[in-house]
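Asks: Before I ask anything, let me first share the structure, which is written out below as structure tokens.
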Protein chains: 4
Amino acid sequence: MDIKEFFCNDRFATEAGVRLIEARPGYSKAEMALTPNHMNAGGTTQGGAIFTLADLALAAAANSCGKLALSLDASIHFFHPSKPGDTLTAEAKEKYIHKRTGYYQVEVRNQDGELIACFDTTVYRKDTSLPFSTDY
Amino acid sequence: MDIKEFFCNDRFATEAGVRLIEARPGYSKAEMALTPNHMNAGGTTQGGAIFTLADLALAAAANSCGKLALSLDASIHFFHPSKPGDTLTAEAKEKYIHKRTGYYQVEVRNQDGELIACFDTTVYRKDTSLPFSTDY
Amino acid sequence: MDIKEFFCNDRFATEAGVRLIEARPGYSKAEMALTPNHMNAGGTTQGGAIFTLADLALAAAANSCGKLALSLDASIHFFHPSKPGDTLTAEAKEKYIHKRTGYYQVEVRNQDGELIACFDTTVYRKDTSLPFSTDY
Amino acid sequence: MDIKEFFCNDRFATEAGVRLIEARPGYSKAEMALTPNHMNAGGTTQGGAIFTLADLALAAAANSCGKLALSLDASIHFFHPSKPGDTLTAEAKEKYIHKRTGYYQVEVRNQDGELIACFDTTVYRKDTSLPFSTDY
């Protein structure tokens, strides 16, 4: 099993239409095509939908080494609005890594490259091995 | 239309199984019963699912006065794991409010009262009126 | 040595006028009397001064068990302004604790009880023992 | 008066040894040479000292246009430790700007380029003019 197949098992993200495009140590890219099902009561994209996209990208980058990393906390800053028909891309990058903790930043952009949101998270790294190949 | 009907229009939260239980000025409570569809690839609840629950509660509390409030940013801290069969409840409280900005804290607990996550957010308050009754 | 003496060795906080008032497992209170030296170029209290007060309170609460806890990250939300002559009090409370991590919230208020800032932090708990008595 | 002179009036940052090196629209750089006075009770740099450095850099970048911007909230993530004798440099960059709000990221590095901390903040932009020249 490769890392993309593994993350297809993220049922909440998969149901939300999130798709992992690329993953390698300390980096990943995911995307989500927005439909009316991603909207909130105010008619713009629900924060939770954008968070889910960013969180899947973060998870792929942080777990890419094959060991389980769990989010301790995450922050998201919302900028530009988005709507059905837009395609959002999340790019996750490792900023710092210790033996037990790590810090990742994710940028979410639309199809025109406009910055939709910035997401960052601190993870706790466990010794548990994950069941996918780490040959990238 | 009352505030509960209005927030049923949050399609992403509604699809995720989030239900607004109670809302009044500066306060709200929402809940979500966890199923296998809320899980991530590691077999625990996806952060985005918990974020969506907390965000809907926040939105109800922050918009309860009938004027549109938009999240500028939000943070979530994850504690206790949760699994299919658990029911999560999010309780949102206003901590501070200015003319243009506000700050809200949300606590997410399971059916046994265990703290699953803490969420907080800064909102920007617009003059736009929302189409629901503010007679609570 | 007791915990108050230990935290007098926090030279940056001590120079800033921060004084630890009370500390016990999972709780602490600290205060700082504002002078013109705490102000920023805009004439209100520098965010770093309020952060330093909250951070000392957090450190006392998180280290009160006698083992070293290090902040991984911290967030602060600013509300009401403050000025020379005001006395700020920070009260820190433990919200959640695991074997290796913990989460704390701090509220900063002025002498009239008005909420000046909310601060929260995630700590990493090491095995290193601290040189003060834990008989409270 | 130029922007560097204006920020010398940040008495808390100036007392802490923070010095603004460079500022232009949406960007700034500041530095602080660490002494024993910046240390906490555990013998490493107090989080409030690093926050103060980052906050001054943020303030210069966010106010560089000559209008007052106030922090609504700020987050800081701590990585590598630092000690007396180190010189820390904070570089602030504007990531997004709206009419009323803005988002800035600051990276703090030591003299060897190692990443000490990441700081980010959301500001509220007022119409108040600041008393310095905006000819850069």
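All residue names refer to the structure tokens as shown: chains lettered A, B, ... in order, residues numbered from 1 in each chain, ligands numbered from 1 in order.
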Step one, run DSSP on the backbone; step two, keep only residues of stretch 25-115 of chain C assigned to strand (DSSP E); then write them as number ranges by chain.
Replies: C: 27-33, 67-78, 87-97, 101-109, 115
Asks: Can you write just those residues out, C-alpha atoms, as an mmCIF file, in the first residue's frame?
Replies:
```cif
data_model
loop_
_atom_site.group_PDB
_atom_site.id
_atom_site.type_symbol
_atom_site.label_atom_id
_atom_site.label_comp_id
_atom_site.auth_asym_id
_atom_site.auth_seq_id
_atom_site.Cartn_x
_atom_site.Cartn_y
_atom_site.Cartn_z
ATOM 1 C CA TYR C 27 -3.349 26.650 39.115
ATOM 2 C CA SER C 28 -1.528 29.936 39.601
ATOM 3 C CA LYS C 29 -2.043 33.672 39.866
ATOM 4 C CA ALA C 30 0.470 36.403 39.005
ATOM 5 C CA GLU C 31 0.287 40.171 38.799
ATOM 6 C CA MET C 32 2.041 43.142 37.194
ATOM 7 C CA ALA C 33 1.581 46.857 37.957
ATOM 8 C CA LYS C 67 8.594 18.356 36.701
ATOM 9 C CA LEU C 68 9.749 20.561 33.832
ATOM 10 C CA ALA C 69 7.062 21.517 31.283
ATOM 11 C CA LEU C 70 8.028 23.475 28.144
ATOM 12 C CA SER C 71 5.663 25.540 25.996
ATOM 13 C CA LEU C 72 5.352 24.184 22.468
ATOM 14 C CA ASP C 73 3.151 27.059 21.397
ATOM 15 C CA ALA C 74 0.983 29.800 22.863
ATOM 16 C CA SER C 75 -1.786 32.081 21.609
ATOM 17 C CA ILE C 76 -2.962 35.375 23.013
ATOM 18 C CA HIS C 77 -6.125 37.346 22.216
ATOM 19 C CA PHE C 78 -6.187 41.032 23.110
ATOM 20 C CA THR C 87 -2.633 46.443 37.781
ATOM 21 C CA LEU C 88 -3.062 43.308 35.700
ATOM 22 C CA THR C 89 -3.746 39.878 37.208
ATOM 23 C CA ALA C 90 -3.248 36.623 35.310
ATOM 24 C CA GLU C 91 -4.981 33.470 36.495
ATOM 25 C CA ALA C 92 -3.817 30.174 34.938
ATOM 26 C CA LYS C 93 -5.858 26.966 34.937
ATOM 27 C CA GLU C 94 -5.054 23.467 33.697
ATOM 28 C CA LYS C 95 -7.690 22.298 31.228
ATOM 29 C CA TYR C 96 -6.220 18.937 30.214
ATOM 30 C CA ILE C 97 -3.220 16.837 31.035
ATOM 31 C CA THR C 101 1.443 17.056 27.067
ATOM 32 C CA GLY C 102 -0.845 19.521 28.811
ATOM 33 C CA TYR C 103 -3.118 22.432 27.923
ATOM 34 C CA TYR C 104 -3.570 25.586 30.006
ATOM 35 C CA GLN C 105 -5.754 28.689 29.743
ATOM 36 C CA VAL C 106 -4.870 32.033 31.323
ATOM 37 C CA GLU C 107 -7.192 35.028 31.763
ATOM 38 C CA VAL C 108 -5.682 38.489 32.274
ATOM 39 C CA ARG C 109 -7.885 41.080 33.990
ATOM 40 C CA LEU C 115 -10.953 41.057 30.637
#
```
Asks: Hey, could you lay chain D over chain B with a least-squares C-alpha fit (all atoms, paired in order) and save it as a short mmCIF file (atom, residue, chain, number, x, y, z; two decimals) with C-alpha atoms, in the first residue's frame?
Replies:
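Result file is result.cif:
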```
data_model
loop_
_atom_site.label_atom_id
_atom_site.label_comp_id
_atom_site.auth_asym_id
_atom_site.auth_seq_id
_atom_site.Cartn_x
_atom_site.Cartn_y
_atom_site.Cartn_z
CA MET D 1 -37.56 31.39 10.21
CA ASP D 2 -35.81 30.78 13.53
CA ILE D 3 -32.05 30.42 14.09
CA LYS D 4 -32.17 26.60 14.10
CA GLU D 5 -33.87 26.53 10.70
CA PHE D 6 -31.36 29.05 9.38
CA PHE D 7 -28.39 26.89 10.42
CA CYS D 8 -29.94 23.79 8.80
CA ASN D 9 -28.84 25.60 5.64
CA ASP D 10 -25.23 24.96 6.64
CA ARG D 11 -25.01 22.06 4.23
CA PHE D 12 -21.49 20.94 5.13
CA ALA D 13 -22.29 20.76 8.85
CA THR D 14 -25.70 19.17 8.20
CA GLU D 15 -24.13 16.51 5.92
CA ALA D 16 -21.61 15.85 8.72
CA GLY D 17 -24.50 15.17 11.10
CA VAL D 18 -24.19 18.35 13.16
CA ARG D 19 -27.42 19.48 14.80
CA LEU D 20 -27.97 22.82 16.57
CA ILE D 21 -29.66 22.11 19.93
CA GLU D 22 -29.90 25.54 21.49
CA ALA D 23 -28.99 29.13 20.64
CA ARG D 24 -29.40 32.47 22.37
CA PRO D 25 -27.39 35.69 22.48
CA GLY D 26 -23.74 34.80 23.01
CA TYR D 27 -24.37 31.10 23.62
CA SER D 28 -25.13 27.92 21.72
CA LYS D 29 -24.98 24.15 21.93
CA ALA D 30 -24.68 21.69 19.05
CA GLU D 31 -24.17 17.95 18.82
CA MET D 32 -22.92 15.26 16.42
CA ALA D 33 -23.28 11.48 16.72
CA LEU D 34 -20.08 9.84 15.44
CA THR D 35 -20.21 7.14 12.76
CA PRO D 36 -17.46 5.40 10.75
CA ASN D 37 -17.85 8.25 8.22
CA HIS D 38 -16.25 10.70 10.68
CA MET D 39 -13.04 8.69 11.03
CA ASN D 40 -9.60 9.43 9.56
CA ALA D 41 -7.06 6.96 8.14
CA GLY D 42 -5.70 6.31 11.64
CA GLY D 43 -9.13 5.18 12.86
CA THR D 44 -9.89 8.15 15.12
CA THR D 45 -12.21 11.09 14.50
CA GLN D 46 -10.96 13.43 11.75
CA GLY D 47 -9.95 16.81 13.14
CA GLY D 48 -12.10 18.44 10.44
CA ALA D 49 -15.23 16.70 11.76
CA ILE D 50 -14.67 18.05 15.29
CA PHE D 51 -13.80 21.46 13.83
CA THR D 52 -17.05 21.47 11.82
CA LEU D 53 -19.11 20.74 14.95
CA ALA D 54 -17.33 23.49 16.92
CA ASP D 55 -17.57 25.93 14.02
CA LEU D 56 -21.34 25.50 13.71
CA ALA D 57 -21.74 26.11 17.46
CA LEU D 58 -19.52 29.20 17.20
CA ALA D 59 -21.46 30.50 14.21
CA ALA D 60 -24.78 30.17 16.03
CA ALA D 61 -23.46 31.98 19.12
CA ALA D 62 -21.72 34.74 17.16
CA ASN D 63 -24.62 35.35 14.75
CA SER D 64 -27.37 35.00 17.36
CA CYS D 65 -27.85 38.80 17.49
CA GLY D 66 -29.02 38.69 13.86
CA LYS D 67 -25.99 40.38 12.28
CA LEU D 68 -23.41 38.52 10.18
CA ALA D 69 -20.16 37.64 11.98
CA LEU D 70 -17.30 36.04 10.02
CA SER D 71 -14.41 34.03 11.50
CA LEU D 72 -11.06 35.68 10.97
CA ASP D 73 -9.22 32.77 12.52
CA ALA D 74 -9.82 29.75 14.74
CA SER D 75 -7.69 27.41 16.84
CA ILE D 76 -8.48 23.92 18.04
CA HIS D 77 -6.70 21.82 20.67
CA PHE D 78 -7.29 18.08 20.64
CA PHE D 79 -7.28 16.00 23.86
CA HIS D 80 -9.20 12.79 24.35
CA PRO D 81 -9.82 10.51 21.31
CA SER D 82 -13.36 9.63 20.18
CA LYS D 83 -14.89 6.88 18.05
CA PRO D 84 -18.04 5.70 16.26
CA GLY D 85 -20.92 5.45 18.74
CA ASP D 86 -19.79 8.49 20.75
CA THR D 87 -21.96 11.61 20.76
CA LEU D 88 -20.05 14.89 20.88
CA THR D 89 -21.54 18.10 22.26
CA ALA D 90 -20.10 21.55 21.56
CA GLU D 91 -20.94 24.46 23.83
CA ALA D 92 -20.01 27.95 22.59
CA LYS D 93 -19.67 31.00 24.85
CA GLU D 94 -18.95 34.63 24.07
CA LYS D 95 -15.92 35.85 26.01
CA TYR D 96 -15.59 39.37 24.64
CA ILE D 97 -17.37 41.58 22.17
CA HIS D 98 -16.45 44.89 20.54
CA LYS D 99 -18.33 46.87 17.92
CA ARG D 100 -16.48 45.14 15.06
CA THR D 101 -14.85 42.07 16.60
CA GLY D 102 -15.71 39.29 19.04
CA TYR D 103 -14.02 36.32 20.72
CA TYR D 104 -15.69 32.97 21.44
CA GLN D 105 -14.60 29.77 23.17
CA VAL D 106 -16.12 26.36 22.46
CA GLU D 107 -15.69 23.18 24.51
CA VAL D 108 -16.36 19.80 22.89
CA ARG D 109 -17.22 16.93 25.25
CA ASN D 110 -18.35 13.33 24.77
CA GLN D 111 -21.41 11.64 26.31
CA ASP D 112 -19.42 11.04 29.52
CA GLY D 113 -18.48 14.69 29.87
CA GLU D 114 -14.83 14.09 28.95
CA LEU D 115 -13.15 17.04 27.26
CA ILE D 116 -12.43 16.13 23.62
CA ALA D 117 -11.30 19.52 22.28
CA CYS D 118 -11.15 23.25 23.01
CA PHE D 119 -11.81 25.64 20.10
CA ASP D 120 -11.61 29.43 20.04
CA THR D 121 -12.14 32.02 17.38
CA THR D 122 -12.00 35.73 16.58
CA VAL D 123 -14.87 37.05 14.46
CA TYR D 124 -15.39 40.21 12.43
CA ARG D 125 -18.90 41.65 12.82
CA LYS D 126 -20.56 43.11 9.75
CA ASP D 127 -23.73 45.21 9.48
CA THR D 128 -25.47 42.66 7.23
CA SER D 129 -28.76 41.47 8.77
CA LEU D 130 -29.52 37.76 8.86
CA PRO D 131 -32.97 36.40 7.88
CA PHE D 132 -34.06 34.83 11.17
CA SER D 133 -36.02 35.97 14.20
CA THR D 134 -34.01 37.20 17.19
CA ASP D 135 -36.87 36.70 19.67
CA TYR D 136 -35.38 34.01 21.93
#
```
Asks: Apply DSSP to the structure's backbone, then extract all residues of chain D labelled helix (DSSP H, G or I) and return them as a ChimeraX atom specification.
Replies: /D:3-8,11-15,36-38,47-63
